[in-house]
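Structure data follow from data.txt (compact mmCIF, C-alpha atoms):
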```
# COMPACT_ATOMS: atom_id res chain seq x y z
CA MET A 1 -92.49 0.67 -44.77
CA HIS A 2 -89.60 -0.98 -42.95
CA HIS A 3 -86.02 -0.41 -43.88
CA ARG A 4 -83.30 -2.56 -42.38
CA ILE A 5 -79.76 -1.37 -42.69
CA HIS A 6 -77.10 -3.83 -41.59
CA ARG A 7 -73.64 -2.68 -40.73
CA THR A 8 -71.02 -5.11 -39.50
CA LEU A 9 -67.67 -4.66 -37.82
CA ALA A 10 -65.66 -7.22 -39.78
CA ALA A 11 -63.29 -8.86 -37.36
CA ALA A 12 -62.75 -12.02 -35.40
CA GLY A 13 -65.64 -12.54 -33.05
CA LEU A 14 -67.06 -9.03 -33.32
CA MET A 15 -70.43 -8.76 -35.05
CA LEU A 16 -72.82 -5.89 -34.58
CA THR A 17 -75.89 -5.43 -36.74
CA LEU A 18 -78.12 -2.39 -36.62
CA ALA A 19 -81.70 -2.56 -37.80
CA PHE A 20 -83.49 0.77 -38.18
CA ASN A 21 -87.10 -0.26 -37.82
CA ALA A 22 -88.19 0.03 -34.20
CA ALA A 23 -89.53 2.88 -32.09
CA ALA A 24 -87.66 3.76 -28.91
CA GLN A 25 -89.21 2.93 -25.55
CA ASN A 26 -88.31 3.67 -21.95
CA THR A 27 -87.83 1.09 -19.21
CA GLN A 28 -87.01 1.20 -15.51
CA VAL A 29 -83.74 -0.35 -14.35
CA ALA A 30 -84.10 0.56 -10.67
CA PRO A 31 -86.25 3.01 -8.70
CA GLY A 32 -85.26 6.45 -9.97
CA LEU A 33 -83.35 5.10 -12.97
CA THR A 34 -85.22 4.91 -16.27
CA VAL A 35 -83.42 4.50 -19.58
CA GLU A 36 -84.32 4.72 -23.23
CA GLN A 37 -84.21 1.43 -25.09
CA PHE A 38 -82.50 1.00 -28.45
CA PRO A 39 -84.02 -2.25 -29.77
CA LYS A 40 -82.55 -1.81 -33.23
CA VAL A 41 -79.09 -2.61 -31.89
CA THR A 42 -78.63 -6.37 -32.23
CA GLY A 43 -75.75 -8.83 -32.20
CA GLU A 44 -72.88 -8.64 -29.71
CA VAL A 45 -71.95 -5.42 -27.89
CA HIS A 46 -68.48 -5.45 -26.29
CA LEU A 47 -67.86 -2.94 -23.48
CA ALA A 48 -64.95 -2.40 -21.08
CA HIS A 49 -63.68 -0.18 -18.29
CA GLY A 50 -60.53 0.01 -16.21
CA PHE A 51 -59.98 -1.23 -12.68
CA GLY A 52 -60.83 0.91 -9.69
CA LEU A 53 -63.31 3.28 -8.18
CA ILE A 54 -62.62 6.19 -10.52
CA TYR A 55 -64.65 4.62 -13.34
CA GLY A 56 -67.79 5.17 -11.25
CA ALA A 57 -70.81 5.01 -13.56
CA MET A 58 -69.39 2.18 -15.67
CA PRO A 59 -69.09 -0.50 -12.97
CA VAL A 60 -72.37 0.72 -11.45
CA ALA A 61 -74.15 0.38 -14.81
CA ARG A 62 -72.56 -3.02 -15.24
CA GLN A 63 -73.79 -4.27 -11.85
CA LEU A 64 -77.29 -2.88 -12.36
CA GLY A 65 -77.61 -4.44 -15.82
CA VAL A 66 -78.30 -1.03 -17.37
CA MET A 67 -76.95 -1.79 -20.83
CA GLU A 68 -78.93 -5.03 -21.08
CA LYS A 69 -82.05 -2.87 -20.67
CA VAL A 70 -80.81 -0.25 -23.14
CA PHE A 71 -80.01 -2.86 -25.79
CA PRO A 72 -82.66 -5.56 -25.19
CA ASN A 73 -82.02 -7.30 -28.50
CA ALA A 74 -78.23 -7.44 -28.16
CA LYS A 75 -75.86 -9.62 -26.19
CA VAL A 76 -73.87 -7.31 -23.91
CA THR A 77 -70.46 -8.41 -22.68
CA TRP A 78 -68.23 -6.50 -20.22
CA GLN A 79 -64.51 -6.73 -19.54
CA ASN A 80 -62.02 -5.13 -17.18
CA ILE A 81 -59.05 -3.89 -19.22
CA PHE A 82 -56.28 -2.19 -17.24
CA THR A 83 -55.21 0.86 -19.26
CA THR A 84 -56.65 3.30 -21.77
CA ALA A 85 -53.95 2.25 -24.25
CA GLN A 86 -54.86 -1.43 -23.94
CA GLN A 87 -58.53 -0.61 -24.54
CA ARG A 88 -57.59 1.52 -27.54
CA ASP A 89 -55.64 -1.41 -28.98
CA ALA A 90 -58.61 -3.73 -28.41
CA MET A 91 -60.84 -1.31 -30.33
CA LEU A 92 -58.31 -1.05 -33.17
CA ALA A 93 -58.25 -4.87 -33.31
CA SER A 94 -62.10 -4.88 -33.50
CA ARG A 95 -62.44 -6.79 -30.22
CA LEU A 96 -64.10 -3.93 -28.33
CA HIS A 97 -66.75 -1.34 -29.15
CA ILE A 98 -66.42 1.11 -26.25
CA GLY A 99 -63.86 1.48 -23.47
CA SER A 100 -62.88 3.91 -20.72
CA CYS A 101 -60.23 6.61 -20.86
CA THR A 102 -58.43 9.38 -19.02
CA PRO A 103 -57.06 12.56 -20.64
CA GLY A 104 -53.31 11.86 -20.85
CA PRO A 105 -53.43 8.53 -22.73
CA TYR A 106 -56.45 9.70 -24.77
CA LEU A 107 -54.66 12.87 -25.90
CA SER A 108 -51.50 10.95 -26.66
CA SER A 109 -53.46 8.62 -28.97
CA TRP A 110 -55.25 11.55 -30.59
CA ASP A 111 -51.95 13.32 -31.17
CA LYS A 112 -50.56 10.24 -32.91
CA GLY A 113 -53.48 10.28 -35.35
CA VAL A 114 -55.61 7.51 -33.85
CA ASP A 115 -59.24 8.11 -34.88
CA MET A 116 -60.53 8.10 -31.30
CA VAL A 117 -63.42 10.10 -29.83
CA TRP A 118 -64.36 10.96 -26.25
CA LEU A 119 -67.90 9.61 -26.05
CA GLN A 120 -69.16 10.57 -22.60
CA THR A 121 -67.63 12.07 -19.46
CA THR A 122 -68.62 10.13 -16.34
CA GLY A 123 -66.73 11.92 -13.57
CA GLY A 124 -63.38 13.03 -12.29
CA PHE A 125 -60.95 12.36 -9.50
CA ASP A 126 -58.43 14.25 -7.44
CA GLY A 127 -55.04 13.07 -6.28
CA TYR A 128 -52.81 14.32 -3.48
CA LEU A 129 -49.02 14.41 -3.40
CA MET A 130 -48.54 13.03 0.10
CA VAL A 131 -45.36 13.20 2.19
CA ARG A 132 -44.54 12.37 5.79
CA PRO A 133 -45.33 15.08 8.37
CA ASP A 134 -41.66 16.15 8.47
CA GLY A 135 -41.28 15.96 4.68
CA PRO A 136 -41.01 18.71 2.04
CA ASN A 137 -43.62 21.46 1.89
CA ALA A 138 -43.84 21.94 -1.89
CA VAL A 139 -43.20 20.13 -5.17
CA THR A 140 -40.29 22.49 -5.83
CA ASP A 141 -38.55 21.24 -2.67
CA PHE A 142 -37.77 18.01 -4.56
CA ILE A 143 -35.65 19.89 -7.14
CA GLY A 144 -31.94 19.16 -6.88
CA THR A 145 -32.41 16.39 -4.30
CA GLN A 146 -32.28 12.59 -4.34
CA MET A 147 -35.81 12.40 -2.92
CA LYS A 148 -38.14 10.01 -4.75
CA MET A 149 -41.87 10.13 -5.42
CA SER A 150 -44.26 7.79 -7.19
CA PRO A 151 -46.09 6.61 -9.32
CA GLY A 152 -43.85 7.41 -12.31
CA PRO A 153 -43.64 9.06 -15.75
CA ASN A 154 -46.49 9.27 -18.27
CA THR A 155 -49.22 9.25 -15.65
CA ALA A 156 -51.80 11.83 -14.63
CA GLN A 157 -49.64 12.59 -11.61
CA TYR A 158 -46.49 13.06 -13.70
CA PHE A 159 -48.20 15.58 -15.97
CA THR A 160 -49.66 17.30 -12.90
CA VAL A 161 -46.19 17.74 -11.39
CA GLN A 162 -44.94 19.13 -14.71
CA GLN A 163 -47.81 21.61 -14.71
CA ALA A 164 -47.00 22.59 -11.11
CA LEU A 165 -43.36 23.16 -12.05
CA ARG A 166 -44.43 25.18 -15.07
CA LYS A 167 -46.68 27.38 -12.91
CA ALA A 168 -43.76 27.88 -10.49
CA GLY A 169 -41.55 29.05 -13.37
CA LYS A 170 -39.30 25.98 -13.17
CA ASP A 171 -38.07 23.54 -15.82
CA VAL A 172 -40.89 21.02 -16.34
CA LYS A 173 -38.31 18.22 -16.59
CA ALA A 174 -36.54 19.23 -13.37
CA LEU A 175 -37.90 16.22 -11.48
CA ASP A 176 -37.69 13.58 -14.21
CA ARG A 177 -35.03 11.72 -12.20
CA ASN A 178 -37.04 11.87 -8.98
CA TRP A 179 -39.74 9.41 -9.97
CA ALA A 180 -40.05 5.85 -8.67
CA ASN A 181 -42.54 3.62 -10.47
CA LEU A 182 -44.55 2.01 -7.67
CA PRO A 183 -48.25 1.02 -7.59
CA HIS A 184 -50.46 2.52 -4.90
CA PRO A 185 -50.32 -0.19 -2.17
CA ASP A 186 -46.53 -0.60 -2.41
CA ALA A 187 -45.96 3.16 -2.55
CA MET A 188 -48.14 3.78 0.50
CA GLN A 189 -46.15 1.21 2.48
CA ALA A 190 -42.84 2.65 1.26
CA LEU A 191 -43.84 6.20 2.17
CA VAL A 192 -44.88 5.28 5.71
CA GLY A 193 -41.77 3.09 6.05
CA LYS A 194 -39.48 5.98 5.00
CA GLN A 195 -38.32 4.23 1.82
CA LEU A 196 -40.11 6.80 -0.38
CA ASP A 197 -40.35 10.56 0.07
CA GLY A 198 -43.63 11.29 -1.70
CA HIS A 199 -46.56 9.46 -3.23
CA PHE A 200 -49.08 11.13 -5.54
CA ALA A 201 -52.06 9.02 -4.52
CA THR A 202 -55.45 9.17 -6.22
CA ALA A 203 -58.89 9.26 -4.68
CA ASP A 204 -59.44 6.76 -1.85
CA PHE A 205 -55.70 6.02 -1.56
CA ALA A 206 -55.10 9.71 -0.86
CA LEU A 207 -57.79 9.70 1.83
CA ARG A 208 -56.23 6.65 3.47
CA LEU A 209 -52.83 8.35 3.63
CA GLN A 210 -54.42 11.43 5.17
CA ASP A 211 -56.03 9.22 7.81
CA MET A 212 -52.56 7.79 8.50
CA GLY A 213 -51.24 11.28 9.27
CA MET A 214 -49.43 12.00 6.01
CA LYS A 215 -49.18 15.59 4.73
CA LYS A 216 -50.61 16.90 1.44
CA ILE A 217 -48.34 19.30 -0.49
CA ALA A 218 -50.04 19.38 -3.92
CA SER A 219 -53.16 18.11 -5.64
CA ILE A 220 -54.50 17.56 -9.14
CA LYS A 221 -57.39 19.96 -8.53
CA ASP A 222 -55.19 22.72 -7.10
CA THR A 223 -52.81 22.40 -10.05
CA TRP A 224 -55.28 22.19 -12.92
CA GLY A 225 -58.28 23.97 -11.43
CA SER A 226 -60.44 20.90 -11.94
CA LEU A 227 -60.59 17.19 -11.24
CA TYR A 228 -58.90 14.77 -13.64
CA ALA A 229 -61.61 13.48 -15.92
CA VAL A 230 -62.72 9.94 -16.66
CA GLY A 231 -64.87 9.07 -19.64
CA ALA A 232 -65.96 6.52 -22.19
CA CYS A 233 -64.14 6.43 -25.52
CA THR A 234 -64.60 4.75 -28.85
CA LEU A 235 -63.15 4.91 -32.33
CA GLY A 236 -64.57 7.45 -34.75
CA LYS A 237 -65.29 4.60 -37.16
CA ILE A 238 -67.36 2.73 -34.58
CA ALA A 239 -69.29 5.91 -33.71
CA LYS A 240 -70.09 6.58 -37.39
CA GLU A 241 -71.06 3.02 -38.22
CA ASN A 242 -73.07 2.38 -35.04
CA PRO A 243 -74.76 5.67 -34.08
CA ASP A 244 -77.48 4.06 -31.97
CA LEU A 245 -75.00 1.99 -30.02
CA VAL A 246 -72.88 4.96 -29.00
CA ARG A 247 -75.87 7.25 -28.40
CA GLY A 248 -77.62 4.64 -26.27
CA TYR A 249 -74.48 3.98 -24.25
CA ALA A 250 -73.72 7.68 -23.71
CA GLN A 251 -77.28 8.48 -22.64
CA ALA A 252 -77.39 5.55 -20.26
CA LEU A 253 -74.13 6.60 -18.60
CA LYS A 254 -75.54 10.11 -18.10
CA GLN A 255 -78.64 8.68 -16.47
CA THR A 256 -76.52 6.36 -14.29
CA VAL A 257 -74.43 9.33 -13.11
CA ALA A 258 -77.61 11.23 -12.15
CA TRP A 259 -78.88 8.16 -10.29
CA MET A 260 -75.56 7.78 -8.44
CA ASN A 261 -75.62 11.41 -7.34
CA ALA A 262 -79.20 11.02 -6.08
CA ASN A 263 -78.60 7.61 -4.47
CA PRO A 264 -75.02 7.44 -3.13
CA GLU A 265 -75.78 4.60 -0.70
CA LYS A 266 -77.31 2.42 -3.42
CA ALA A 267 -74.47 3.32 -5.80
CA ALA A 268 -72.00 2.31 -3.08
CA GLU A 269 -73.67 -1.10 -2.85
CA MET A 270 -73.16 -1.60 -6.59
CA LEU A 271 -69.52 -0.50 -6.37
CA SER A 272 -68.96 -2.92 -3.51
CA LYS A 273 -70.47 -5.73 -5.60
CA SER A 274 -68.17 -4.74 -8.48
CA VAL A 275 -65.17 -5.70 -6.33
CA GLU A 276 -66.86 -8.84 -4.96
CA ASN A 277 -67.59 -7.06 -1.67
CA LYS A 278 -63.87 -6.88 -0.84
CA VAL A 279 -64.41 -3.18 -0.04
CA PRO A 280 -67.55 -2.58 2.06
CA ALA A 281 -70.29 -0.31 0.80
CA ALA A 282 -69.69 2.07 3.72
CA GLU A 283 -66.20 2.79 2.38
CA PHE A 284 -67.64 3.57 -1.06
CA VAL A 285 -70.19 5.94 0.48
CA LYS A 286 -67.33 7.83 2.12
CA TYR A 287 -65.49 7.91 -1.20
CA LEU A 288 -68.50 9.08 -3.23
CA LYS A 289 -69.21 11.89 -0.77
CA SER A 290 -65.58 13.03 -0.52
CA SER A 291 -63.86 15.84 -2.39
CA VAL A 292 -61.56 13.42 -4.24
CA TYR A 293 -64.23 12.07 -6.57
CA GLN A 294 -67.26 13.48 -8.33
CA SER A 295 -69.69 12.03 -10.84
CA TYR A 296 -70.42 14.53 -13.62
CA THR A 297 -71.13 14.44 -17.34
CA THR A 298 -69.63 17.61 -18.87
CA ASP A 299 -66.49 19.77 -18.61
CA ALA A 300 -63.74 17.15 -18.93
CA ASP A 301 -61.39 20.11 -19.66
CA LEU A 302 -59.41 18.24 -22.31
CA LYS A 303 -58.45 21.57 -23.89
CA THR A 304 -56.43 22.66 -20.82
CA GLN A 305 -54.80 19.25 -20.58
CA ALA A 306 -53.85 19.35 -24.27
CA GLN A 307 -52.37 22.83 -24.04
CA ALA A 308 -50.25 21.83 -21.05
CA MET A 309 -49.14 18.55 -22.60
CA LYS A 310 -48.08 20.41 -25.74
CA ALA A 311 -46.04 22.80 -23.57
CA PHE A 312 -44.35 19.76 -21.97
CA GLY A 313 -43.62 18.27 -25.37
CA ALA A 314 -45.81 15.25 -24.61
CA ILE A 315 -47.99 15.99 -27.65
CA SER A 316 -47.31 18.06 -30.75
CA LYS A 317 -50.65 19.70 -31.59
CA GLU A 318 -53.50 21.55 -29.91
CA PRO A 319 -57.25 21.25 -30.51
CA LYS A 320 -59.14 23.87 -32.47
CA ASP A 321 -62.52 23.21 -30.88
CA ALA A 322 -64.55 20.52 -29.13
CA ARG A 323 -65.15 18.71 -32.43
CA ASP A 324 -61.52 17.59 -32.37
CA PHE A 325 -62.22 15.36 -29.36
CA TYR A 326 -65.88 14.73 -28.67
CA ALA A 327 -68.46 12.45 -30.26
CA TYR A 328 -71.10 14.99 -29.16
CA PRO A 329 -69.27 18.35 -29.07
CA ASN A 330 -72.42 20.33 -28.30
CA GLU A 331 -72.76 18.37 -25.05
CA ALA A 332 -69.13 18.68 -23.94
CA GLY A 333 -69.69 21.74 -21.73
CA ALA A 334 -68.00 25.15 -21.53
CA LYS A 335 -64.75 23.65 -20.18
CA TRP A 336 -64.43 21.10 -22.97
```

This entry written out as structure tokens:
Amino acid sequence: MHHRIHRTLAAAGLMLTLAFNAAAQNTQVAPGLTVEQFPKVTGEVHLAHGFGLIYGAMPVARQLGVMEKVFPNAKVTWQNIFTTAQQRDAMLASRLHIGSCTPGPYLSSWDKGVDMVWLQTTGGFDGYLMVRPDGPNAVTDFIGTQMKMSPGPNTAQYFTVQQALRKAGKDVKALDRNWANLPHPDAMQALVGKQLDGHFATADFALRLQDMGMKKIASIKDTWGSLYAVGACTLGKIAKENPDLVRGYAQALKQTVAWMNANPEKAAEMLSKSVENKVPAAEFVKYLKSSVYQSYTTDADLKTQAQAMKAFGAISKEPKDARDFYAYPNEAGAKW
């Protein structure tokens, strides 16, 4: 007896129909990467991730065609959307099923009552507060000075500096006037050219500054005790109405992460393709094997981030347990 249940996201250009009548099968995407198929997902599936290396498994899955294998009866479309907030807005406008996210913007949306769930952790990144060799030796050395650092307020780096100040027993807003909002390439140039006193660079940008002889005086990992997580997010409504879509996507990302960890050179080739070979695969291999990035699928540590952000006044409430954040709380890990 076959039962077909059709659920539709009613919005301009976004149709997704689920038919519950087919048995799951496994298929190989690449040597060492086998995924479970979800043939009952049909229609259009809209996916997105941000720009840059930190999204790891998402651009790799996109280049390998993983989701086309997972959802063989659906039309899969991918987009690059710059920020977590922009992806959230696209989901709220029913133009996107699943996007990427980092803790700060995710927690800010959650705090404001947006029905948003963290679907699957894909990795985490470190960032270094870099200064010139003769520059300050600690974050607290910036207090009471005219020295400037980037990238600016309401970023992972901004919250990290607030946490560092808090741990040092200082006012978390003591450096609010010391920020200069500059993107990575401009900030790196300004730091070396003595027009900026510090740049809190992430991942490969931090490694480049180290290679240029700049000095590290703080890091995300040293401040928080863990890397800054990256994950896939969706709306609670989408997760409830399309359980096979979100389960298939989450599982496939987990399997892609495992494949990346086992095959860093092949993963680097996919990452290079994702930027039209503008960055050679050898650079991505270096990045994947460095201490500033790691692919992992649990322990996003959103609880610690939320507690700190509440202390800063950035959000007004704290989570009670993993069910407040995660689509699959039992899989979130001990440091949820």

Point-to-point distance in Å for CA of Ala74 in chain A and CA of Val60 in chain A: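 One can read the CA of Val60 in chain A to CA of Ala74 in chain A distance as 19.5 Å.
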
Shell of 10 Å around Leu129 in chain A, only C-alpha atoms, local chain residues under 3 positions omitted, as a ChimeraX atom specification: /A:138-139,149-150,157,160-161,198-202,206,214-220

For CA of Val285 in chain A and CA of Ile54 in chain A, the interatomic separation in Å (one decimal): 13.4 Å

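Across A:Gln37, A:Gln189, A:Thr297, A:Gln25, the tightest approach to Arg132 in chain A is made by A:Gln189 when counting all atoms listed in the file.
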
d(CA of Ala180 in chain A, CA of Phe142 in chain A) in Å: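 One can read the CA of Ala180 in chain A to CA of Phe142 in chain A distance as 13.0 Å.
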
Shell of 10 Å around Thr84 in chain A, all atoms listed in the file, local chain residues under 6 positions omitted, as a VMD selection string: chain A and resid 49 to 50 90 99 to 106 109 232 to 233

Keeping only C-alpha atoms, take the residues you just selected and write them out as an mmCIF file, in the frame of the given file.
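So the final result, stored in selection36.cif, reads:
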```cif
data_model
loop_
_atom_site.group_PDB
_atom_site.id
_atom_site.type_symbol
_atom_site.label_atom_id
_atom_site.label_comp_id
_atom_site.auth_asym_id
_atom_site.auth_seq_id
_atom_site.Cartn_x
_atom_site.Cartn_y
_atom_site.Cartn_z
ATOM 1 C CA HIS A 49 -63.680 -0.180 -18.290
ATOM 2 C CA GLY A 50 -60.530 0.010 -16.210
ATOM 3 C CA ALA A 90 -58.610 -3.730 -28.410
ATOM 4 C CA GLY A 99 -63.860 1.480 -23.470
ATOM 5 C CA SER A 100 -62.880 3.910 -20.720
ATOM 6 C CA CYS A 101 -60.230 6.610 -20.860
ATOM 7 C CA THR A 102 -58.430 9.380 -19.020
ATOM 8 C CA PRO A 103 -57.060 12.560 -20.640
ATOM 9 C CA GLY A 104 -53.310 11.860 -20.850
ATOM 10 C CA PRO A 105 -53.430 8.530 -22.730
ATOM 11 C CA TYR A 106 -56.450 9.700 -24.770
ATOM 12 C CA SER A 109 -53.460 8.620 -28.970
ATOM 13 C CA ALA A 232 -65.960 6.520 -22.190
ATOM 14 C CA CYS A 233 -64.140 6.430 -25.520
#
```

Selected residue of minimal separation from Asp197 in chain A among A:Met116, A:Ala332, A:Met130, A:Ala282, counting only C-alpha atoms: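 Closest residue, counting only C-alpha atoms: A:Met130.
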
Taking all listed atoms of range 53-63 of chain A, build the axis-aligned box, pad each of the six sides by 3 Å, then write its centre and edge lengths in Å to one decimal as lines of an AutoDock Vina configuration file.
```
center_x = -68.4
center_y = 1.0
center_z = -11.9
size_x = 17.5
size_y = 16.5
size_z = 13.5
```

Residue list as a PyMOL selection string for point (-68.7, 0.4, -25.5), cut-off 7 Å, all atoms listed in the file: chain A and resi 46-48+96-99+234+249

For Ala229 in chain A, the nearest of the candidates A:Pro31, A:Pro136, A:Pro329, A:Gly123, counting only C-alpha atoms: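 Among the listed residues, A:Gly123 lies closest to Ala229 in chain A.
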
Of the listed residues A:Ser108, A:Gln28, A:Ser290, A:Thr256, that which approaches Met270 in chain A most closely, counting all atoms listed in the file: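 Comparing A:Ser108, A:Gln28, A:Ser290, A:Thr256 against Met270 in chain A, the winner is A:Thr256.
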
Point (-44.7, 4.2, -4.4) neighbourhood (7 Å, only C-alpha atoms) written as a ChimeraX atom specification: /A:149-151,180-184,186-188,190-191,196,199

Can you pull range 104-136 of chain A out of that block with C-alpha atoms and hand it back as a PDB file, in the first residue's frame?
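Printed below is result35.pdb as written:
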```pdb
ATOM      1  CA  GLY A 104      26.946  35.034  16.688  1.00  0.00           C
ATOM      2  CA  PRO A 105      24.377  35.825  13.965  1.00  0.00           C
ATOM      3  CA  TYR A 106      22.560  32.533  14.607  1.00  0.00           C
ATOM      4  CA  LEU A 107      22.200  33.268  18.334  1.00  0.00           C
ATOM      5  CA  SER A 108      21.134  36.828  17.641  1.00  0.00           C
ATOM      6  CA  SER A 109      18.317  35.549  15.395  1.00  0.00           C
ATOM      7  CA  TRP A 110      17.320  32.916  17.957  1.00  0.00           C
ATOM      8  CA  ASP A 111      17.244  35.537  20.699  1.00  0.00           C
ATOM      9  CA  LYS A 112      14.913  37.698  18.611  1.00  0.00           C
ATOM     10  CA  GLY A 113      12.453  34.812  18.325  1.00  0.00           C
ATOM     11  CA  VAL A 114      13.243  33.639  14.800  1.00  0.00           C
ATOM     12  CA  ASP A 115      12.266  29.956  14.516  1.00  0.00           C
ATOM     13  CA  MET A 116      15.715  28.863  13.351  1.00  0.00           C
ATOM     14  CA  VAL A 117      17.500  25.563  14.039  1.00  0.00           C
ATOM     15  CA  TRP A 118      21.154  24.547  13.787  1.00  0.00           C
ATOM     16  CA  LEU A 119      20.946  21.567  11.452  1.00  0.00           C
ATOM     17  CA  GLN A 120      24.482  20.212  11.220  1.00  0.00           C
ATOM     18  CA  THR A 121      27.917  21.348  12.380  1.00  0.00           C
ATOM     19  CA  THR A 122      30.513  21.078   9.600  1.00  0.00           C
ATOM     20  CA  GLY A 123      33.657  22.461  11.218  1.00  0.00           C
ATOM     21  CA  GLY A 124      35.249  25.383  12.959  1.00  0.00           C
ATOM     22  CA  PHE A 125      37.897  28.008  12.440  1.00  0.00           C
ATOM     23  CA  ASP A 126      40.400  29.933  14.484  1.00  0.00           C
ATOM     24  CA  GLY A 127      41.368  33.558  14.127  1.00  0.00           C
ATOM     25  CA  TYR A 128      44.439  35.428  15.336  1.00  0.00           C
ATOM     26  CA  LEU A 129      44.655  39.026  16.516  1.00  0.00           C
ATOM     27  CA  MET A 130      47.774  40.017  14.609  1.00  0.00           C
ATOM     28  CA  VAL A 131      49.945  43.079  15.238  1.00  0.00           C
ATOM     29  CA  ARG A 132      53.304  44.240  13.926  1.00  0.00           C
ATOM     30  CA  PRO A 133      56.392  42.783  15.651  1.00  0.00           C
ATOM     31  CA  ASP A 134      56.825  45.988  17.705  1.00  0.00           C
ATOM     32  CA  GLY A 135      53.104  46.267  18.459  1.00  0.00           C
ATOM     33  CA  PRO A 136      51.140  45.622  21.681  1.00  0.00           C
TER      34      PRO A 136
END
```
